[in-house]
Structures are given as C-alpha cells and as structure tokens.
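Shown here: query.pdb, PDB, C-alpha atoms.
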```pdb
ATOM      1  CA  MET A   1      83.757 185.020  45.624
ATOM      2  CA  THR A   2      82.387 182.248  47.789
ATOM      3  CA  ASN A   3      83.437 181.885  51.400
ATOM      4  CA  PRO A   4      86.088 179.350  52.441
ATOM      5  CA  THR A   5      84.691 175.949  53.374
ATOM      6  CA  ALA A   6      85.277 173.726  56.373
ATOM      7  CA  ALA A   7      84.354 170.286  57.651
ATOM      8  CA  MET A   8      84.273 168.833  61.137
ATOM      9  CA  LEU A   9      85.250 165.286  62.051
ATOM     10  CA  VAL A  10      83.893 164.136  65.417
ATOM     11  CA  ILE A  11      85.737 161.067  66.694
ATOM     12  CA  GLY A  12      84.586 158.693  69.399
ATOM     13  CA  ASP A  13      82.501 155.643  70.199
ATOM     14  CA  GLU A  14      80.896 157.557  73.054
ATOM     15  CA  ILE A  15      79.246 159.975  70.617
ATOM     16  CA  LEU A  16      77.844 157.245  68.386
ATOM     17  CA  SER A  17      76.585 155.216  71.354
ATOM     18  CA  GLY A  18      74.610 158.161  72.720
ATOM     19  CA  ARG A  19      76.559 158.144  75.968
ATOM     20  CA  THR A  20      77.966 161.611  75.296
ATOM     21  CA  ARG A  21      76.111 164.496  73.659
ATOM     22  CA  ASP A  22      78.342 166.411  71.259
ATOM     23  CA  ALA A  23      78.403 170.142  71.975
ATOM     24  CA  ASN A  24      81.417 171.038  69.864
ATOM     25  CA  MET A  25      79.681 171.041  66.491
ATOM     26  CA  HIS A  26      77.188 173.695  67.594
ATOM     27  CA  TYR A  27      79.961 175.881  68.969
ATOM     28  CA  LEU A  28      82.227 175.502  65.942
ATOM     29  CA  ALA A  29      79.402 176.233  63.501
ATOM     30  CA  GLY A  30      78.613 179.506  65.259
ATOM     31  CA  GLU A  31      82.238 180.623  65.401
ATOM     32  CA  LEU A  32      82.908 179.760  61.762
ATOM     33  CA  THR A  33      79.771 181.606  60.685
ATOM     34  CA  LYS A  34      81.016 184.763  62.400
ATOM     35  CA  GLN A  35      84.382 184.301  60.686
ATOM     36  CA  GLY A  36      82.811 183.968  57.241
ATOM     37  CA  ILE A  37      83.743 180.294  56.841
ATOM     38  CA  THR A  38      81.064 177.848  55.696
ATOM     39  CA  LEU A  39      80.813 174.656  57.723
ATOM     40  CA  ALA A  40      79.756 172.394  54.873
ATOM     41  CA  GLU A  41      79.934 168.916  56.403
ATOM     42  CA  VAL A  42      80.098 167.183  59.785
ATOM     43  CA  ARG A  43      81.081 163.540  59.983
ATOM     44  CA  VAL A  44      81.083 161.286  63.075
ATOM     45  CA  VAL A  45      83.290 158.195  63.140
ATOM     46  CA  PRO A  46      84.083 155.537  65.769
ATOM     47  CA  ASP A  47      87.473 154.857  67.346
ATOM     48  CA  VAL A  48      88.456 152.707  64.364
ATOM     49  CA  PRO A  49      91.756 153.611  62.659
ATOM     50  CA  GLU A  50      90.700 152.986  59.061
ATOM     51  CA  LYS A  51      87.524 155.047  59.553
ATOM     52  CA  ILE A  52      89.458 157.996  60.990
ATOM     53  CA  ILE A  53      92.237 157.815  58.395
ATOM     54  CA  GLY A  54      89.790 157.602  55.507
ATOM     55  CA  ALA A  55      87.696 160.479  56.790
ATOM     56  CA  VAL A  56      90.728 162.720  57.352
ATOM     57  CA  ARG A  57      91.988 162.088  53.829
ATOM     58  CA  SER A  58      88.655 162.648  52.080
ATOM     59  CA  LEU A  59      87.635 165.728  54.068
ATOM     60  CA  SER A  60      91.084 167.299  53.785
ATOM     61  CA  ALA A  61      90.967 166.910  50.008
ATOM     62  CA  GLU A  62      87.483 168.398  49.682
ATOM     63  CA  TYR A  63      87.462 171.368  52.073
ATOM     64  CA  ASP A  64      89.704 174.309  52.860
ATOM     65  CA  SER A  65      89.899 173.425  56.553
ATOM     66  CA  VAL A  66      89.062 170.376  58.654
ATOM     67  CA  PHE A  67      88.533 170.443  62.418
ATOM     68  CA  THR A  68      88.682 167.215  64.408
ATOM     69  CA  SER A  69      87.288 166.744  67.892
ATOM     70  CA  GLY A  70      88.251 163.973  70.288
ATOM     71  CA  GLY A  71      90.786 161.210  70.700
ATOM     72  CA  ILE A  72      93.958 163.045  71.747
ATOM     73  CA  GLY A  73      93.995 162.158  75.444
ATOM     74  CA  PRO A  74      96.235 159.742  77.431
ATOM     75  CA  THR A  75      94.290 156.473  77.149
ATOM     76  CA  HIS A  76      94.684 153.536  74.774
ATOM     77  CA  ASP A  77      91.643 154.494  72.707
ATOM     78  CA  ASP A  78      92.974 158.007  72.037
ATOM     79  CA  ILE A  79      94.252 157.242  68.551
ATOM     80  CA  THR A  80      93.502 160.401  66.603
ATOM     81  CA  ALA A  81      97.091 161.682  66.492
ATOM     82  CA  ASP A  82      98.384 158.392  65.111
ATOM     83  CA  CYS A  83      95.599 158.247  62.538
ATOM     84  CA  VAL A  84      96.225 161.797  61.317
ATOM     85  CA  ALA A  85      99.939 161.000  60.976
ATOM     86  CA  GLU A  86      99.052 157.885  58.975
ATOM     87  CA  ALA A  87      96.610 159.824  56.803
ATOM     88  CA  PHE A  88      99.393 162.184  55.713
ATOM     89  CA  GLY A  89     102.163 159.590  55.683
ATOM     90  CA  VAL A  90     104.329 161.248  58.344
ATOM     91  CA  HIS A  91     106.174 159.920  61.378
ATOM     92  CA  ILE A  92     104.850 160.521  64.889
ATOM     93  CA  ASP A  93     106.622 160.442  68.241
ATOM     94  CA  ILE A  94     106.968 162.374  71.481
ATOM     95  CA  ARG A  95     108.104 165.869  70.557
ATOM     96  CA  ASP A  96     110.369 167.944  72.761
ATOM     97  CA  ASP A  97     108.301 171.144  72.787
ATOM     98  CA  ALA A  98     105.065 169.341  73.624
ATOM     99  CA  ARG A  99     106.807 167.220  76.251
ATOM    100  CA  ALA A 100     108.321 170.321  77.880
ATOM    101  CA  LEU A 101     104.889 171.947  78.186
ATOM    102  CA  LEU A 102     103.385 168.882  79.818
ATOM    103  CA  GLN A 103     106.402 168.190  82.037
ATOM    104  CA  LYS A 104     106.208 171.691  83.493
ATOM    105  CA  HIS A 105     102.451 171.405  83.979
ATOM    106  CA  TYR A 106     102.617 168.130  85.906
ATOM    107  CA  ASP A 107     105.675 169.202  87.887
ATOM    108  CA  ASN A 108     103.820 172.332  89.024
ATOM    109  CA  ALA A 109     100.807 170.198  89.953
ATOM    110  CA  GLY A 110     102.986 167.761  91.907
ATOM    111  CA  GLN A 111     101.877 164.893  89.679
ATOM    112  CA  GLU A 112     103.887 162.249  87.889
ATOM    113  CA  PHE A 113     104.449 162.771  84.186
ATOM    114  CA  ASN A 114     103.906 159.090  83.522
ATOM    115  CA  ALA A 115     103.862 157.102  80.285
ATOM    116  CA  ALA A 116     100.139 157.616  79.771
ATOM    117  CA  ARG A 117     100.439 161.383  80.069
ATOM    118  CA  GLN A 118     103.443 161.387  77.760
ATOM    119  CA  ARG A 119     101.174 160.025  75.027
ATOM    120  CA  MET A 120      99.693 163.516  74.800
ATOM    121  CA  ALA A 121     103.109 164.805  73.667
ATOM    122  CA  ARG A 122     103.103 162.565  70.586
ATOM    123  CA  ILE A 123     102.920 164.932  67.617
ATOM    124  CA  PRO A 124     103.231 164.173  63.884
ATOM    125  CA  ASP A 125     106.385 165.447  62.185
ATOM    126  CA  GLY A 126     105.965 168.917  60.712
ATOM    127  CA  ALA A 127     102.846 169.735  62.728
ATOM    128  CA  THR A 128     102.284 173.104  64.389
ATOM    129  CA  LEU A 129     101.047 173.045  67.976
ATOM    130  CA  ILE A 130      97.672 174.492  68.975
ATOM    131  CA  ASP A 131      97.711 176.273  72.324
ATOM    132  CA  ASN A 132      95.641 174.801  75.150
ATOM    133  CA  PRO A 133      95.299 177.331  77.997
ATOM    134  CA  VAL A 134      92.847 175.076  79.866
ATOM    135  CA  SER A 135      94.727 171.817  80.411
ATOM    136  CA  VAL A 136      98.035 172.441  78.582
ATOM    137  CA  ALA A 137      98.034 169.280  76.405
ATOM    138  CA  PRO A 138      98.321 170.761  72.901
ATOM    139  CA  GLY A 139      96.379 170.141  69.765
ATOM    140  CA  PHE A 140      98.157 170.406  66.431
ATOM    141  CA  VAL A 141      97.799 171.308  62.772
ATOM    142  CA  VAL A 142      98.905 169.113  59.869
ATOM    143  CA  GLU A 143      98.404 170.756  56.476
ATOM    144  CA  ASN A 144      94.748 171.920  56.603
ATOM    145  CA  VAL A 145      93.625 169.644  59.459
ATOM    146  CA  TYR A 146      93.226 171.110  62.947
ATOM    147  CA  VAL A 147      93.323 168.363  65.578
ATOM    148  CA  MET A 148      91.664 169.352  68.841
ATOM    149  CA  ALA A 149      90.379 167.915  72.096
ATOM    150  CA  GLY A 150      86.858 166.611  72.614
ATOM    151  CA  VAL A 151      86.313 168.186  76.049
ATOM    152  CA  PRO A 152      84.131 171.227  75.241
ATOM    153  CA  SER A 153      86.000 173.761  77.366
ATOM    154  CA  VAL A 154      89.324 172.729  75.830
ATOM    155  CA  PHE A 155      87.884 172.524  72.310
ATOM    156  CA  GLN A 156      86.500 176.048  72.605
ATOM    157  CA  ALA A 157      89.825 177.410  73.864
ATOM    158  CA  MET A 158      91.641 175.781  70.961
ATOM    159  CA  VAL A 159      89.144 177.166  68.445
ATOM    160  CA  ALA A 160      89.694 180.633  69.902
ATOM    161  CA  SER A 161      93.444 180.315  69.328
ATOM    162  CA  VAL A 162      93.052 178.993  65.779
ATOM    163  CA  LEU A 163      90.363 181.207  64.220
ATOM    164  CA  PRO A 164      92.361 184.471  64.086
ATOM    165  CA  LYS A 165      94.876 182.685  61.851
ATOM    166  CA  LEU A 166      92.277 181.590  59.294
ATOM    167  CA  THR A 167      91.215 183.593  56.264
ATOM    168  CA  GLY A 168      87.478 184.138  56.358
ATOM    169  CA  GLY A 169      84.949 185.626  54.005
ATOM    170  CA  ALA A 170      81.791 187.627  54.471
ATOM    171  CA  PRO A 171      79.960 186.760  57.716
ATOM    172  CA  LEU A 172      76.715 184.860  57.204
ATOM    173  CA  LEU A 173      73.669 186.990  58.072
ATOM    174  CA  SER A 174      70.137 185.786  58.746
ATOM    175  CA  GLN A 175      66.610 187.006  59.426
ATOM    176  CA  THR A 176      63.570 184.996  60.526
ATOM    177  CA  LEU A 177      59.847 185.407  59.940
ATOM    178  CA  ARG A 178      57.320 183.401  61.957
ATOM    179  CA  ILE A 179      54.322 182.368  59.850
ATOM    180  CA  GLU A 180      51.319 180.751  61.520
ATOM    181  CA  ARG A 181      50.364 178.541  58.601
ATOM    182  CA  GLY A 182      51.160 174.930  57.860
ATOM    183  CA  GLU A 183      54.042 174.130  55.535
ATOM    184  CA  GLY A 184      51.669 172.604  53.005
ATOM    185  CA  GLU A 185      50.048 176.016  52.624
ATOM    186  CA  ILE A 186      53.218 178.052  52.266
ATOM    187  CA  ALA A 187      55.368 175.599  50.293
ATOM    188  CA  GLY A 188      54.356 176.805  46.809
ATOM    189  CA  PRO A 189      54.957 180.540  47.277
ATOM    190  CA  LEU A 190      58.054 179.824  49.333
ATOM    191  CA  GLY A 191      59.535 177.740  46.519
ATOM    192  CA  GLU A 192      58.929 180.558  44.039
ATOM    193  CA  LEU A 193      60.602 183.001  46.419
ATOM    194  CA  ALA A 194      63.603 180.696  46.726
ATOM    195  CA  GLU A 195      63.936 180.660  42.937
ATOM    196  CA  GLU A 196      63.705 184.440  42.782
ATOM    197  CA  PHE A 197      66.383 184.827  45.455
ATOM    198  CA  SER A 198      68.558 181.893  44.431
ATOM    199  CA  ASP A 199      71.658 183.626  45.827
ATOM    200  CA  LEU A 200      70.194 183.238  49.336
ATOM    201  CA  SER A 201      69.402 180.219  51.484
ATOM    202  CA  ILE A 202      65.730 180.080  52.472
ATOM    203  CA  GLY A 203      64.699 177.397  54.940
ATOM    204  CA  SER A 204      61.387 176.483  56.575
ATOM    205  CA  TYR A 205      61.342 175.015  60.088
ATOM    206  CA  PRO A 206      57.867 173.853  61.160
ATOM    207  CA  TYR A 207      56.395 173.846  64.651
ATOM    208  CA  GLN A 208      53.148 172.995  66.381
ATOM    209  CA  ARG A 209      52.126 174.924  69.468
ATOM    210  CA  ASN A 210      48.754 174.865  71.235
ATOM    211  CA  GLY A 211      47.162 173.230  68.234
ATOM    212  CA  VAL A 212      48.482 175.869  65.849
ATOM    213  CA  TYR A 213      50.703 174.837  62.949
ATOM    214  CA  GLY A 214      53.328 177.251  61.773
ATOM    215  CA  ALA A 215      56.853 177.646  60.456
ATOM    216  CA  ASN A 216      59.854 179.812  61.123
ATOM    217  CA  VAL A 217      61.214 180.828  57.738
ATOM    218  CA  VAL A 218      64.899 181.731  57.874
ATOM    219  CA  VAL A 219      66.643 183.703  55.134
ATOM    220  CA  ARG A 220      70.453 183.484  55.131
ATOM    221  CA  GLY A 221      73.153 185.067  53.026
ATOM    222  CA  THR A 222      76.101 187.429  53.030
ATOM    223  CA  ASP A 223      74.360 190.424  51.391
ATOM    224  CA  GLY A 224      72.256 192.314  53.914
ATOM    225  CA  ALA A 225      70.376 194.291  51.269
ATOM    226  CA  ARG A 226      69.335 191.118  49.447
ATOM    227  CA  ILE A 227      68.135 189.580  52.701
ATOM    228  CA  ASP A 228      66.092 192.700  53.442
ATOM    229  CA  ALA A 229      64.515 192.508  49.966
ATOM    230  CA  ALA A 230      63.674 188.826  50.402
ATOM    231  CA  MET A 231      62.155 189.446  53.812
ATOM    232  CA  ALA A 232      60.014 192.245  52.416
ATOM    233  CA  ARG A 233      58.688 189.936  49.703
ATOM    234  CA  LEU A 234      58.169 187.174  52.238
ATOM    235  CA  SER A 235      56.164 189.454  54.523
ATOM    236  CA  GLY A 236      54.072 190.565  51.591
ATOM    237  CA  LEU A 237      53.298 187.005  50.572
ATOM    238  CA  PHE A 238      52.036 185.959  53.986
ATOM    239  CA  ALA A 239      50.758 189.205  55.503
TER     240      ALA A 239
END
```
Would you put the structure from the file into structure tokens?
Amino acid sequence: MTNPTAAMLVIGDEILSGRTRDANMHYLAGELTKQGITLAEVRVVPDVPEKIIGAVRSLSAEYDSVFTSGGIGPTHDDITADCVAEAFGVHIDIRDDARALLQKHYDNAGQEFNAARQRMARIPDGATLIDNPVSVAPGFVVENVYVMAGVPSVFQAMVASVLPKLTGGAPLLSQTLRIERGEGEIAGPLGELAEEFSDLSIGSYPYQRNGVYGANVVVRGTDGARIDAAMARLSGLFA
C-alpha cells in the first residue's frame, strides 16, 4: 500500500513578494516524512479570496490531507478562515469556545479583547479546533483541511498537536552517496539503476567545490533492504 498523501497551501502576499522567507514548508515536510505521509504538493497563493478558495477545493479533492499556513490573524488581510468556509459552503462566525479561550488569554494579560482580536475566534461551522499552546488563538480543521498560523513557532506547535491524530504509513528512509564526477558522466548508469530499482526514488544533486564537479545521489524509499541493495549497486558502479 502507498503512504497517505498531503499538500500544503501557503497563503500570503508577503511570501510571494520575497519579504518573508517561508520556513513552514521545510518543517512540515520533515514531520510528515517521519509520520509516513507523503507531502506531494506545495502551493503558494496571494491574499486573494478566489485564489485561496480555488486552491483549497482542488487540493482537498486530490490529497488525503491539506495543511494551510497563514492568514488567520486579527487584521483585515487575514482572510483564510472565511475562504475555507466559502470553499466548503459553510457558515462562519465567532464561536463560543474559541472566544472563551481568547477572552481568558487577554484578560490574564490585562489587554482588551477588542474587535480585531475577536476576528481570531471566527470559526467555520462544524470545524474542530486545533490547539495553540503558544499564543492561544486556535487553528481549525474542516473535513481534511488543517488551517494553521503562519508564524513558525505557532505553526510548529499546531503541527505537533495534529500529527498524532493522522494515520501514517511507512516512514520514508534515505541514504546518500557523494560521487566526485560530473552529472554528465554519471547520468547514463544512474538512469539504468533507477529503472532497476523503480520502486525507489533516486535523485542526483550536483555541486561544484574547489573546481571539482560532483553530485550527491540520494536513494529514498520505505524498504530499508531495497535501499541497501541500491546503494551497494551504486557504490559498485562508481567505485
């Protein structure tokens, strides 16, 4: 059986403009790999409702799980919650359980729970809350879409609360061999090896260092014995 699949939807003009470097994709990919879930696609969209709605619908239909990042804060351009509600055709409003969490948080901090902050308690009907131990404002789950914050520390905390509830497969394993030859020299034998071990993923990642051309060849799969066999053949080819 193949592993469950997932997609990530990164939302925000600041990512596309280059103002903010996205760190959440790298983190999510690593955590899903350990869980035995294949991150098969990552899509980045601007703060444009039709783009977000369309992406949520298409990714939700294609993959087992979808993780969104960004756009659930208190400002006017935080529109992810509304767009997810629209994508699934459900109503959205301030929900009592989310409001209670935030009210207590701001009361304890001696801060006003104003209208802007109340926006973070707007949750689509039928959604399940995602715990946020960092800044309290919850994420939520609608069907197979996990809606989470863009701030890396909060995103990571939400991922940690979500992953134990997901059904994973076999963890993805990998081994790497460094070959000090140019890709043009190794491409032919490497292609034949990839055909022989078609159940594995074999990738070549070139480098140049001190005038020397080389490549790191990475073999990935879920069967450790098959990876060992492929690595033995690889070593023999380029010994």
Shell of 12 Å around Ser135 (chain A), only C-alpha atoms, local chain residues under 3 positions omitted, as a short mmCIF file (atom, residue, chain, number, x, y, z; two decimals) with C-alpha atoms, keeping the file's coordinate frame:
```
data_model
loop_
_atom_site.label_atom_id
_atom_site.label_comp_id
_atom_site.auth_asym_id
_atom_site.auth_seq_id
_atom_site.Cartn_x
_atom_site.Cartn_y
_atom_site.Cartn_z
CA GLY A 73 94.00 162.16 75.44
CA LEU A 101 104.89 171.95 78.19
CA LEU A 102 103.38 168.88 79.82
CA LYS A 104 106.21 171.69 83.49
CA HIS A 105 102.45 171.40 83.98
CA TYR A 106 102.62 168.13 85.91
CA ALA A 109 100.81 170.20 89.95
CA ARG A 117 100.44 161.38 80.07
CA MET A 120 99.69 163.52 74.80
CA ASP A 131 97.71 176.27 72.32
CA ASN A 132 95.64 174.80 75.15
CA PRO A 138 98.32 170.76 72.90
CA GLY A 139 96.38 170.14 69.76
CA ALA A 149 90.38 167.92 72.10
CA VAL A 151 86.31 168.19 76.05
CA PRO A 152 84.13 171.23 75.24
CA SER A 153 86.00 173.76 77.37
CA VAL A 154 89.32 172.73 75.83
CA PHE A 155 87.88 172.52 72.31
CA ALA A 157 89.82 177.41 73.86
CA MET A 158 91.64 175.78 70.96
#
```
Would you compute an axis-aligned box for region 222-234 of chain A, covering every atom listed for it in the file with 5 Å of margin on each side, and report centre and edge lengths in Å to one decimal as lines of an AutoDock Vina configuration file?
```
center_x = 67.1
center_y = 190.7
center_z = 51.7
size_x = 27.9
size_y = 17.1
size_z = 14.5
```
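Of note, CA of Phe197 (chain A) and CA of Gly184 (chain A) are spaced 20.6 Å apart.
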Inset, instruction - Using the chain letters and numbering of this document, enumerate as a ChimeraX atom specification the residues selected by the PyMOL selection byres ((chain A and resi 35) around 12). - result: /A:3-6,28-34,36-39,159-160,162-173,222
Could those residues be written to a file, using C-alpha atoms, as a compact mmCIF listing (two decimals), keeping the file's coordinate frame?
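Final output, result.txt:
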```txt
# COMPACT_ATOMS: atom_id res chain seq x y z
CA ASN A 3 83.44 181.88 51.40
CA PRO A 4 86.09 179.35 52.44
CA THR A 5 84.69 175.95 53.37
CA ALA A 6 85.28 173.73 56.37
CA LEU A 28 82.23 175.50 65.94
CA ALA A 29 79.40 176.23 63.50
CA GLY A 30 78.61 179.51 65.26
CA GLU A 31 82.24 180.62 65.40
CA LEU A 32 82.91 179.76 61.76
CA THR A 33 79.77 181.61 60.68
CA LYS A 34 81.02 184.76 62.40
CA GLY A 36 82.81 183.97 57.24
CA ILE A 37 83.74 180.29 56.84
CA THR A 38 81.06 177.85 55.70
CA LEU A 39 80.81 174.66 57.72
CA VAL A 159 89.14 177.17 68.44
CA ALA A 160 89.69 180.63 69.90
CA VAL A 162 93.05 178.99 65.78
CA LEU A 163 90.36 181.21 64.22
CA PRO A 164 92.36 184.47 64.09
CA LYS A 165 94.88 182.68 61.85
CA LEU A 166 92.28 181.59 59.29
CA THR A 167 91.22 183.59 56.26
CA GLY A 168 87.48 184.14 56.36
CA GLY A 169 84.95 185.63 54.00
CA ALA A 170 81.79 187.63 54.47
CA PRO A 171 79.96 186.76 57.72
CA LEU A 172 76.72 184.86 57.20
CA LEU A 173 73.67 186.99 58.07
CA THR A 222 76.10 187.43 53.03
```
Inset, instruction - Convert the output of the PyMOL selection byres ((chain A and resi 52-63) around 10) on the shown file into explicit residues, formatted as a ChimeraX atom specification. - result: /A:4-12,38-51,64-68,79-80,82-88,143-145
Go ahead and save the picked residues with C-alpha atoms, as a compact mmCIF listing (two decimals), in the frame of the given file.
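Done, and the output landed in part.txt:
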```txt
# COMPACT_ATOMS: atom_id res chain seq x y z
CA PRO A 4 86.09 179.35 52.44
CA THR A 5 84.69 175.95 53.37
CA ALA A 6 85.28 173.73 56.37
CA ALA A 7 84.35 170.29 57.65
CA MET A 8 84.27 168.83 61.14
CA LEU A 9 85.25 165.29 62.05
CA VAL A 10 83.89 164.14 65.42
CA ILE A 11 85.74 161.07 66.69
CA GLY A 12 84.59 158.69 69.40
CA THR A 38 81.06 177.85 55.70
CA LEU A 39 80.81 174.66 57.72
CA ALA A 40 79.76 172.39 54.87
CA GLU A 41 79.93 168.92 56.40
CA VAL A 42 80.10 167.18 59.78
CA ARG A 43 81.08 163.54 59.98
CA VAL A 44 81.08 161.29 63.08
CA VAL A 45 83.29 158.20 63.14
CA PRO A 46 84.08 155.54 65.77
CA ASP A 47 87.47 154.86 67.35
CA VAL A 48 88.46 152.71 64.36
CA PRO A 49 91.76 153.61 62.66
CA GLU A 50 90.70 152.99 59.06
CA LYS A 51 87.52 155.05 59.55
CA ASP A 64 89.70 174.31 52.86
CA SER A 65 89.90 173.42 56.55
CA VAL A 66 89.06 170.38 58.65
CA PHE A 67 88.53 170.44 62.42
CA THR A 68 88.68 167.22 64.41
CA ILE A 79 94.25 157.24 68.55
CA THR A 80 93.50 160.40 66.60
CA ASP A 82 98.38 158.39 65.11
CA CYS A 83 95.60 158.25 62.54
CA VAL A 84 96.22 161.80 61.32
CA ALA A 85 99.94 161.00 60.98
CA GLU A 86 99.05 157.88 58.98
CA ALA A 87 96.61 159.82 56.80
CA PHE A 88 99.39 162.18 55.71
CA GLU A 143 98.40 170.76 56.48
CA ASN A 144 94.75 171.92 56.60
CA VAL A 145 93.62 169.64 59.46
```
